[in-house]
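Raw contents of query_26.txt, compact mmCIF, C-alpha atoms and all ligand atoms:
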```txt
# COMPACT_ATOMS: atom_id res chain seq x y z
CA MET A 471 -1.64 296.97 -117.20
CA ALA A 472 -4.51 294.58 -117.94
CA LEU A 473 -3.79 291.58 -120.10
CA GLU A 474 -5.07 292.11 -123.62
CA LEU A 475 -6.95 289.27 -125.37
CA LEU A 476 -6.44 289.28 -129.13
CA LYS A 477 -8.66 287.04 -131.23
CA LEU A 478 -8.06 288.11 -134.83
CA PRO A 479 -4.75 287.98 -136.71
CA VAL A 480 -5.25 291.62 -137.69
CA ASP A 481 -5.56 292.59 -134.00
CA MET A 482 -2.42 290.64 -133.17
CA ARG A 483 -0.52 292.46 -135.90
CA ARG A 484 -1.84 295.86 -134.77
CA ALA A 485 -1.04 295.26 -131.10
CA CYS A 486 2.53 294.19 -131.92
CA ASP A 487 3.00 297.07 -134.38
CA ALA A 488 1.73 299.51 -131.73
CA ALA A 489 4.14 298.10 -129.15
CA ARG A 490 7.05 298.56 -131.53
CA ALA A 491 5.84 302.09 -132.36
CA ARG A 492 6.03 302.84 -128.62
CA GLY A 493 9.61 301.63 -128.69
CA GLU A 494 8.87 298.31 -126.98
CA SER A 495 10.52 295.11 -128.16
CA VAL A 496 8.13 292.23 -128.86
CA GLY A 497 8.58 288.72 -127.51
CA ILE A 498 6.41 285.75 -128.42
CA VAL A 499 5.72 282.47 -126.61
CA PRO A 500 3.75 280.07 -128.82
CA THR A 501 1.69 277.47 -126.92
CA MET A 502 -1.33 275.24 -127.31
CA GLY A 503 -2.75 276.35 -123.96
CA ALA A 504 -3.67 274.28 -120.87
CA LEU A 505 -0.73 276.11 -119.45
CA HIS A 506 1.49 274.86 -116.65
CA GLU A 507 4.63 276.02 -114.90
CA GLY A 508 6.78 274.94 -117.87
CA HIS A 509 4.95 277.37 -120.15
CA LEU A 510 5.09 280.08 -117.49
CA SER A 511 8.86 279.77 -117.22
CA LEU A 512 9.00 280.53 -120.95
CA VAL A 513 6.84 283.62 -120.39
CA ARG A 514 9.16 284.82 -117.61
CA GLU A 515 12.16 284.21 -119.86
CA ALA A 516 10.51 286.23 -122.65
CA LYS A 517 9.70 289.02 -120.21
CA LYS A 518 13.40 289.33 -119.35
CA ARG A 519 14.14 289.88 -123.03
CA ALA A 520 11.16 291.91 -124.31
CA ALA A 521 8.84 294.61 -122.97
CA PHE A 522 5.75 293.37 -124.84
CA VAL A 523 5.23 289.65 -124.40
CA VAL A 524 2.47 287.93 -126.32
CA VAL A 525 1.56 284.36 -125.46
CA THR A 526 -0.25 282.55 -128.23
CA VAL A 527 -2.82 279.94 -127.24
CA PHE A 528 -3.76 277.94 -130.29
CA VAL A 529 -4.41 274.23 -130.64
CA ASN A 530 -3.06 274.05 -134.15
CA PRO A 531 -5.08 271.54 -136.19
CA THR A 532 -2.44 271.04 -138.88
CA GLN A 533 0.08 269.54 -136.48
CA PHE A 534 -2.24 266.73 -135.36
CA GLY A 535 -2.60 263.47 -137.25
CA PRO A 536 -6.05 262.00 -137.93
CA SER A 537 -5.82 259.54 -135.03
CA GLU A 538 -4.28 262.01 -132.57
CA ASP A 539 -5.88 263.95 -129.72
CA PHE A 540 -6.84 267.25 -131.41
CA GLY A 541 -10.49 266.99 -130.35
CA ARG A 542 -9.83 266.20 -126.72
CA TYR A 543 -6.71 268.31 -126.20
CA PRO A 544 -7.30 270.25 -122.92
CA ARG A 545 -8.54 273.81 -123.39
CA ASP A 546 -8.89 276.45 -120.63
CA LEU A 547 -8.51 279.99 -121.98
CA PRO A 548 -9.75 281.82 -118.82
CA GLY A 549 -7.34 279.80 -116.66
CA ASP A 550 -4.51 280.39 -119.14
CA MET A 551 -5.16 284.13 -119.15
CA ALA A 552 -4.92 284.35 -115.36
CA LYS A 553 -1.69 282.33 -115.33
CA VAL A 554 0.14 284.28 -118.02
CA ALA A 555 -0.93 287.60 -116.52
CA SER A 556 0.80 286.65 -113.28
CA ALA A 557 3.90 285.57 -115.22
CA GLY A 558 4.22 289.00 -116.85
CA ALA A 559 2.64 288.59 -120.29
CA THR A 560 1.17 291.66 -121.94
CA ALA A 561 -1.22 289.98 -124.37
CA VAL A 562 -2.71 286.63 -125.31
CA PHE A 563 -3.41 285.77 -128.94
CA ALA A 564 -6.06 283.04 -129.11
CA PRO A 565 -7.41 282.86 -132.66
CA GLU A 566 -10.04 280.55 -134.11
CA ALA A 567 -8.64 277.90 -136.45
CA SER A 568 -10.60 279.46 -139.32
CA ALA A 569 -8.74 282.75 -138.82
CA MET A 570 -5.32 281.07 -139.02
CA TYR A 571 -6.40 278.79 -141.86
CA PRO A 572 -8.98 280.74 -143.86
CA PRO A 573 -11.09 278.87 -146.42
CA GLY A 574 -9.09 277.96 -149.50
CA GLU A 575 -5.70 278.16 -147.79
CA GLU A 576 -3.23 275.57 -149.01
CA THR A 577 0.25 276.84 -148.23
CA ARG A 578 2.54 274.83 -145.96
CA VAL A 579 6.09 275.32 -144.75
CA LYS A 580 8.02 272.15 -145.48
CA VAL A 581 10.95 271.41 -143.23
CA GLY A 582 14.01 269.51 -144.38
CA SER A 583 16.13 266.80 -142.80
CA LEU A 584 15.53 267.93 -139.19
CA SER A 585 11.93 266.76 -139.46
CA VAL A 586 12.84 263.23 -140.60
CA PRO A 587 14.21 261.38 -137.53
CA LEU A 588 12.79 260.96 -133.99
CA CYS A 589 9.15 262.13 -133.82
CA GLY A 590 9.18 262.79 -137.57
CA GLN A 591 9.05 259.04 -138.20
CA TYR A 592 5.91 258.61 -136.11
CA ARG A 593 3.99 261.83 -136.71
CA PRO A 594 3.88 262.38 -140.48
CA GLY A 595 3.07 266.01 -141.31
CA HIS A 596 3.42 267.12 -137.68
CA PHE A 597 6.44 269.35 -138.14
CA GLU A 598 5.07 270.78 -141.36
CA GLY A 599 2.03 271.88 -139.33
CA VAL A 600 4.25 273.29 -136.59
CA ALA A 601 6.49 275.15 -139.04
CA THR A 602 3.49 276.57 -140.89
CA VAL A 603 1.82 277.96 -137.80
CA VAL A 604 5.06 279.26 -136.31
CA ALA A 605 5.85 281.08 -139.57
CA LYS A 606 2.39 282.68 -139.48
CA LEU A 607 2.87 283.72 -135.84
CA PHE A 608 6.32 285.17 -136.56
CA VAL A 609 4.92 287.17 -139.48
CA LEU A 610 2.04 288.54 -137.39
CA ALA A 611 4.13 289.40 -134.33
CA GLY A 612 7.30 290.70 -135.93
CA ALA A 613 8.84 289.61 -132.66
CA SER A 614 12.50 290.15 -131.95
CA VAL A 615 12.59 287.17 -129.59
CA ALA A 616 10.66 283.89 -129.42
CA VAL A 617 10.95 281.46 -126.53
CA PHE A 618 10.46 277.71 -126.99
CA GLY A 619 10.98 274.84 -124.54
CA ARG A 620 13.66 272.20 -124.88
CA LYS A 621 10.91 269.75 -123.89
CA ASP A 622 10.09 269.68 -127.62
CA TYR A 623 13.74 269.49 -128.62
CA GLN A 624 13.17 268.59 -132.27
CA GLN A 625 10.57 271.36 -132.61
CA LEU A 626 13.05 273.87 -131.19
CA ALA A 627 15.73 272.76 -133.67
CA ILE A 628 13.25 273.05 -136.53
CA VAL A 629 12.07 276.51 -135.45
CA ARG A 630 15.67 277.72 -135.29
CA ARG A 631 16.24 276.36 -138.79
CA LEU A 632 13.00 277.95 -140.03
CA ALA A 633 13.89 281.36 -138.60
CA THR A 634 17.31 281.22 -140.26
CA ASP A 635 16.12 279.86 -143.59
CA LEU A 636 13.12 282.19 -143.97
CA LEU A 637 15.15 285.20 -142.77
CA PHE A 638 12.91 286.03 -139.81
CA PRO A 639 14.68 288.68 -137.73
CA VAL A 640 13.88 286.84 -134.52
CA GLU A 641 16.14 285.36 -131.87
CA VAL A 642 14.91 281.87 -131.00
CA VAL A 643 15.64 281.10 -127.35
CA GLY A 644 15.54 277.53 -126.01
CA HIS A 645 14.47 277.19 -122.39
CA PRO A 646 15.31 274.19 -120.15
CA ILE A 647 12.68 271.56 -119.36
CA VAL A 648 10.67 272.25 -116.21
CA ARG A 649 10.02 269.07 -114.22
CA GLU A 650 8.05 267.93 -111.19
CA ALA A 651 10.15 267.20 -108.11
CA ASP A 652 10.09 263.49 -108.99
CA GLY A 653 11.49 264.12 -112.48
CA LEU A 654 8.36 264.00 -114.65
CA ALA A 655 8.55 266.67 -117.35
CA LEU A 656 5.55 268.99 -117.14
CA SER A 657 3.18 268.53 -120.07
CA SER A 658 -0.40 269.49 -120.81
CA ARG A 659 -0.90 265.82 -121.73
CA ASN A 660 -0.03 264.72 -118.18
CA ALA A 661 -3.65 265.65 -117.39
CA TYR A 662 -4.68 262.50 -119.29
CA LEU A 663 -2.77 260.21 -116.91
CA SER A 664 -4.45 258.19 -114.16
CA ALA A 665 -2.64 258.03 -110.80
CA GLU A 666 -1.16 254.67 -111.78
CA GLU A 667 -0.06 255.93 -115.19
CA ARG A 668 1.44 259.03 -113.55
CA GLN A 669 3.74 256.67 -111.60
CA LYS A 670 4.60 254.70 -114.72
CA ALA A 671 5.38 257.94 -116.58
CA LEU A 672 8.37 258.43 -114.27
CA ALA A 673 10.09 255.75 -116.36
CA LEU A 674 10.92 258.36 -119.00
CA SER A 675 12.94 260.63 -116.70
CA LYS A 676 14.36 257.62 -114.86
CA GLY A 677 15.57 256.26 -118.20
CA LEU A 678 17.28 259.55 -118.99
CA THR A 679 18.87 259.58 -115.55
CA ALA A 680 20.15 256.01 -115.91
CA ALA A 681 21.80 256.85 -119.24
CA ALA A 682 23.19 260.09 -117.82
CA ARG A 683 24.84 258.13 -115.01
CA LEU A 684 26.52 255.84 -117.50
CA PHE A 685 27.57 258.80 -119.62
CA ALA A 686 29.01 260.57 -116.56
CA ALA A 687 30.96 257.40 -115.77
CA GLY A 688 32.55 257.57 -119.22
CA GLU A 689 30.27 255.36 -121.31
CA ARG A 690 30.16 256.53 -124.94
CA ASP A 691 28.70 253.47 -126.64
CA ALA A 692 25.42 254.54 -128.29
CA THR A 693 23.79 251.12 -127.91
CA LEU A 694 24.58 250.83 -124.21
CA LEU A 695 23.35 254.35 -123.47
CA ARG A 696 20.14 253.74 -125.40
CA ASP A 697 19.64 250.34 -123.80
CA ALA A 698 19.99 251.80 -120.29
CA ALA A 699 17.06 254.15 -120.93
CA PHE A 700 15.09 251.55 -122.87
CA ALA A 701 15.34 248.98 -120.08
CA LEU A 702 13.57 251.31 -117.64
CA LEU A 703 10.97 252.46 -120.13
CA LYS A 704 10.03 249.03 -121.49
CA PRO A 705 8.12 247.65 -118.48
CA ALA A 706 6.19 250.91 -117.93
CA ALA A 707 5.22 251.80 -121.48
CA THR A 708 2.28 250.49 -123.48
CA SER A 709 4.41 251.06 -126.55
CA ILE A 710 7.68 252.80 -127.35
CA ASP A 711 8.02 254.87 -130.52
CA TYR A 712 11.74 255.40 -130.07
CA VAL A 713 14.62 255.78 -127.67
CA ASP A 714 17.43 257.32 -129.71
CA VAL A 715 20.81 258.88 -129.20
CA ALA A 716 21.41 261.50 -131.84
CA ASP A 717 23.56 264.42 -132.83
CA PRO A 718 22.24 267.35 -130.75
CA ASP A 719 22.37 269.77 -133.67
CA GLU A 720 21.59 267.71 -136.78
CA LEU A 721 19.38 265.21 -134.90
CA THR A 722 20.77 262.31 -136.94
CA PRO A 723 20.68 259.12 -134.84
CA HIS A 724 24.06 257.70 -133.85
CA GLY A 725 23.33 254.12 -134.83
CA ASN A 726 25.59 251.75 -132.94
CA GLY A 727 28.82 253.72 -132.90
CA ALA A 728 30.39 255.93 -130.29
CA VAL A 729 28.71 259.16 -129.27
CA GLY A 730 30.39 262.52 -128.84
CA GLU A 731 30.85 264.67 -125.75
CA ARG A 732 27.39 266.18 -126.31
CA THR A 733 24.68 263.75 -127.28
CA LEU A 734 20.93 264.04 -127.49
CA LEU A 735 19.02 261.23 -125.81
CA ALA A 736 15.37 261.49 -126.82
CA MET A 737 12.38 259.23 -126.35
CA ALA A 738 8.68 258.97 -127.10
CA ALA A 739 6.41 256.36 -125.58
CA ARG A 740 2.80 255.71 -124.71
CA ILE A 741 1.87 255.38 -121.07
CA GLY A 742 -1.63 253.97 -121.26
CA VAL A 743 -2.89 255.74 -124.38
CA THR A 744 -1.03 258.97 -123.68
CA ARG A 745 2.01 259.69 -125.84
CA LEU A 746 4.76 261.38 -123.83
CA ILE A 747 8.16 262.65 -124.91
CA ASP A 748 11.28 263.51 -122.96
CA ASN A 749 14.93 264.22 -123.69
CA MET A 750 18.21 265.51 -122.39
CA VAL A 751 21.53 266.44 -123.90
CA LEU A 752 24.10 264.20 -122.22
CA GLY A 753 27.25 266.13 -121.46
CA GLU A 754 25.41 269.45 -121.43
CA GLU A 755 22.55 269.28 -118.92
CA PRO A 756 22.19 267.79 -115.46
CA PRO A 757 20.05 264.61 -115.38
CA PRO A 758 16.36 264.92 -114.36
CA LEU A 759 17.05 263.29 -110.99
CA ALA A 760 20.01 264.06 -108.75
CA THR A 761 22.57 261.29 -109.18
CA LYS A 762 24.02 259.64 -106.12
P1 LIG B 801 2.78 273.16 -126.03
O1 LIG B 801 1.70 274.00 -125.43
O2 LIG B 801 2.87 271.80 -125.45
O3 LIG B 801 2.78 273.18 -127.53
O4 LIG B 801 4.14 273.84 -125.61
C1 LIG B 801 4.37 275.20 -125.84
C2 LIG B 801 5.80 275.52 -125.52
O5 LIG B 801 6.05 275.22 -124.15
C3 LIG B 801 6.80 274.70 -126.33
O6 LIG B 801 7.88 275.53 -126.69
C4 LIG B 801 7.20 273.62 -125.37
O7 LIG B 801 8.48 273.09 -125.61
C5 LIG B 801 7.17 274.38 -124.06
N1 LIG B 801 7.05 273.45 -122.92
C6 LIG B 801 6.08 272.52 -122.73
N2 LIG B 801 6.34 271.83 -121.61
C7 LIG B 801 7.49 272.32 -121.09
C8 LIG B 801 8.29 272.02 -119.94
N3 LIG B 801 7.97 271.05 -119.09
N4 LIG B 801 9.42 272.74 -119.75
C9 LIG B 801 9.78 273.72 -120.60
N5 LIG B 801 9.08 274.06 -121.70
C10 LIG B 801 7.95 273.37 -121.94
```

Using the file provided, produce a representation of the structure as structure tokens.
Ligand code: AMP
Amino acid sequence: MALELLKLPVDMRRACDAARARGESVGIVPTMGALHEGHLSLVREAKKRAAFVVVTVFVNPTQFGPSEDFGRYPRDLPGDMAKVASAGATAVFAPEASAMYPPGEETRVKVGSLSVPLCGQYRPGHFEGVATVVAKLFVLAGASVAVFGRKDYQQLAIVRRLATDLLFPVEVVGHPIVREADGLALSSRNAYLSAEERQKALALSKGLTAAARLFAAGERDATLLRDAAFALLKPAATSIDYVDVADPDELTPHGNGAVGERTLLAMAARIGVTRLIDNMVLGEEPPPLATK
């Protein structure tokens, strides 16, 4: 069946309603487009769980700060359509910003403590924008399953919280990070990197791997685990927003104490001018690079 392109919220609602009326379950994969293999793995995951899979392609203005890259964020709807069709999607929802935020709109979904640490400290209003658009997408789709990447770990935690708190009857599925063979986490923003910066960007996954090695060897000191990642990131990064070890569920940073048997190690740094994020849950996931 040909991939359907939906532009208006009302069309999105109708297409999802019609799918459910046919007895098909609806799955949703929210994205900002410029799709890569990481996004496509989410689409394939959704397709395993739902007959009607809608991929949303929307560069959501409310989640960008005034000095962030909203204007130059990569956009390629025709390319995205071809990619998601081959990954098994049924429809693409690509609305105009004015359709998602009609004139006079002023309602926002405010997230609680999960939006405070990590990226929340450096991107004021970001998670409010994310939560607002995700709530709108959930309402339109009435999806029974939504797939998000663990690449945006804090976002995933917030979306889970949102679905629970606002009583959305949707199962939020977290999908593992898809990486290049050399460890770099796939990201639409990798397109901004020069060849030299692309090399430097490996410092993020190398930092995770270094900490994972220590953790596997029994290290549980939060400072030492953080320092191991920081030491690799420091020489490569233009600036580091944070390297934190935190509770993997509550996201509260561990400070300088001992970490538990599952610990989130998360980082955000600029390579050149490009802000990249990466993370892993120590004790739960294999490190980005095979350990020797
Ligand atoms: P974005 O288009 O960057 O907003 O991402 C859309 C969705 O794709 C989010 O749920 C991301 O976490 C997920 N995603 C982005 N990159 C990756 C990756 N490398 N591996 C897995 N999921 C990803």

Within 10 Å of ligand LIG 801 (chain B), counting only C-alpha atoms and all ligand atoms, residues as a PyMOL selection string
chain A and resi 499-513+525-530+600+616-626+629+643-650+654-659+747-748

What separation in Å, quoted to one decimal, exists between atom CA of Arg683 of chain A and atom CA of Glu666 of chain A?
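Computing it gives 26.4 Å between the two atoms.
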
Box dimensions and centre (Å, one decimal) enclosing segment 493-503 of chain A, axis-aligned, 3 Å extra per side, as JSON:
```
{"center_x": 3.9, "center_y": 288.4, "center_z": -126.4, "size_x": 19.3, "size_y": 32.4, "size_z": 10.9}
```

Could you tell me, as a VMD selection string, which residues have any atom at most 9 Å from (23.1, 265.8, -116.9), counting all atoms listed in the file?
chain A and resid 678 to 679 682 to 683 685 to 686 750 to 761

What does the file look like for those residues with C-alpha atoms, as a short mmCIF file (atom, residue, chain, number, x, y, z; two decimals), in the frame of the given file?
```
data_model
loop_
_atom_site.label_atom_id
_atom_site.label_comp_id
_atom_site.auth_asym_id
_atom_site.auth_seq_id
_atom_site.Cartn_x
_atom_site.Cartn_y
_atom_site.Cartn_z
CA LEU A 678 17.28 259.55 -118.99
CA THR A 679 18.87 259.58 -115.55
CA ALA A 682 23.19 260.09 -117.82
CA ARG A 683 24.84 258.13 -115.01
CA PHE A 685 27.57 258.80 -119.62
CA ALA A 686 29.01 260.57 -116.56
CA MET A 750 18.21 265.51 -122.39
CA VAL A 751 21.53 266.44 -123.90
CA LEU A 752 24.10 264.20 -122.22
CA GLY A 753 27.25 266.13 -121.46
CA GLU A 754 25.41 269.45 -121.43
CA GLU A 755 22.55 269.28 -118.92
CA PRO A 756 22.19 267.79 -115.46
CA PRO A 757 20.05 264.61 -115.38
CA PRO A 758 16.36 264.92 -114.36
CA LEU A 759 17.05 263.29 -110.99
CA ALA A 760 20.01 264.06 -108.75
CA THR A 761 22.57 261.29 -109.18
#
```

Residues within 12 Å of (-2.1, 292.8, -130.0), counting all atoms listed in the file, listed as a compact mmCIF listing (two decimals) with C-alpha atoms, in the coordinates of the input:
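Saved file point.txt follows:
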```txt
# COMPACT_ATOMS: atom_id res chain seq x y z
CA LEU A 473 -3.79 291.58 -120.10
CA GLU A 474 -5.07 292.11 -123.62
CA LEU A 475 -6.95 289.27 -125.37
CA LEU A 476 -6.44 289.28 -129.13
CA LYS A 477 -8.66 287.04 -131.23
CA LEU A 478 -8.06 288.11 -134.83
CA PRO A 479 -4.75 287.98 -136.71
CA VAL A 480 -5.25 291.62 -137.69
CA ASP A 481 -5.56 292.59 -134.00
CA MET A 482 -2.42 290.64 -133.17
CA ARG A 483 -0.52 292.46 -135.90
CA ARG A 484 -1.84 295.86 -134.77
CA ALA A 485 -1.04 295.26 -131.10
CA CYS A 486 2.53 294.19 -131.92
CA ASP A 487 3.00 297.07 -134.38
CA ALA A 488 1.73 299.51 -131.73
CA ALA A 489 4.14 298.10 -129.15
CA ARG A 490 7.05 298.56 -131.53
CA VAL A 496 8.13 292.23 -128.86
CA GLY A 497 8.58 288.72 -127.51
CA ILE A 498 6.41 285.75 -128.42
CA PHE A 522 5.75 293.37 -124.84
CA VAL A 523 5.23 289.65 -124.40
CA VAL A 524 2.47 287.93 -126.32
CA VAL A 525 1.56 284.36 -125.46
CA THR A 526 -0.25 282.55 -128.23
CA ALA A 559 2.64 288.59 -120.29
CA THR A 560 1.17 291.66 -121.94
CA ALA A 561 -1.22 289.98 -124.37
CA VAL A 562 -2.71 286.63 -125.31
CA PHE A 563 -3.41 285.77 -128.94
CA ALA A 564 -6.06 283.04 -129.11
CA PRO A 565 -7.41 282.86 -132.66
CA LEU A 607 2.87 283.72 -135.84
CA LEU A 610 2.04 288.54 -137.39
CA ALA A 611 4.13 289.40 -134.33
CA GLY A 612 7.30 290.70 -135.93
CA ALA A 613 8.84 289.61 -132.66
```

re atom CA of Gly727 of chain A and atom CA of Lys676 of chain A: distance 23.4 Å

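Residues in contact with Cys589 of chain A at up to 9 Å, not including ones fewer than 6 positions away on its chain and judged by only C-alpha atoms, are His596, Phe597, Gln624, Asp711, Tyr712, Met737, Ala738 and Ile747 of chain A.
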
Restricting the calculation to only C-alpha atoms, which member of A:Ala716, A:Val609, A:Ala706, A:Leu547 is positioned closest to Leu674 of chain A?
A:Ala706

Distance criterion (only C-alpha atoms): nearest to Gln533 of chain A out of A:Leu684, A:Val603, A:Met570, A:Val554:
A:Val603

Could you name the residues that touch Ala692 of chain A at 7 Å or less, counting all atoms listed in the file, but leaving out those on the same chain fewer than 6 positions away, as a PDB file with C-alpha atoms, in the coordinates of the input?
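Result went into part-v6.pdb, see below:
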```pdb
ATOM      1  CA  VAL A 715      20.810 258.880-129.200  1.00  0.00           C
ATOM      2  CA  HIS A 724      24.060 257.700-133.850  1.00  0.00           C
ATOM      3  CA  GLY A 725      23.330 254.120-134.830  1.00  0.00           C
ATOM      4  CA  ASN A 726      25.590 251.750-132.940  1.00  0.00           C
ATOM      5  CA  GLY A 727      28.820 253.720-132.900  1.00  0.00           C
ATOM      6  CA  ALA A 728      30.390 255.930-130.290  1.00  0.00           C
ATOM      7  CA  VAL A 729      28.710 259.160-129.270  1.00  0.00           C
TER       8      VAL A 729
END
```

Select, from A:Gly558, A:Pro573, A:Gly653, A:Pro536, the residue with the minimum atom-to-atom distance to Ala521 of chain A, counting all atoms listed in the file.
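Closest to Ala521 of chain A, using all atoms listed in the file: A:Gly558.
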
Which residue out of A:Asp546, A:Ser664, A:Val642, A:Arg630 has the minimum interatomic distance to Asp719 of chain A when all atoms listed in the file are used?
A:Arg630

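In this model, the gap between atom CA of Pro544 of chain A and atom CA of Gly595 of chain A comes to 21.5 Å.
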
Please provide as number ranges by chain all residues within 10 Å of Glu667 of chain A, with the sequence filter that same-chain residues fewer than 5 positions apart are discarded (counting all atoms listed in the file).
A: 660, 662, 672, 706-707, 740-744

Write out as a PyMOL selection string which residues come within 7 Å of Ala699 of chain A when counting all atoms listed in the file, dropping same-chain ones fewer than 4 positions away.
chain A and resi 677-678+680-681+695+703

Find the residues around Thr722 of chain A up to 10 Å (only C-alpha atoms counted), leave out those fewer than 5 positions away in its own chain, and share them as a list in words.
Ser583, Leu584, Val586, Pro587, Leu588, Asp714, Val715, Ala716, Asp717 and Leu734 of chain A

Nearest to Ala739 of chain A among A:Thr634, A:Glu720, A:Tyr592, A:Val579, with distances taken over all atoms listed in the file: which residue is it?
A:Tyr592
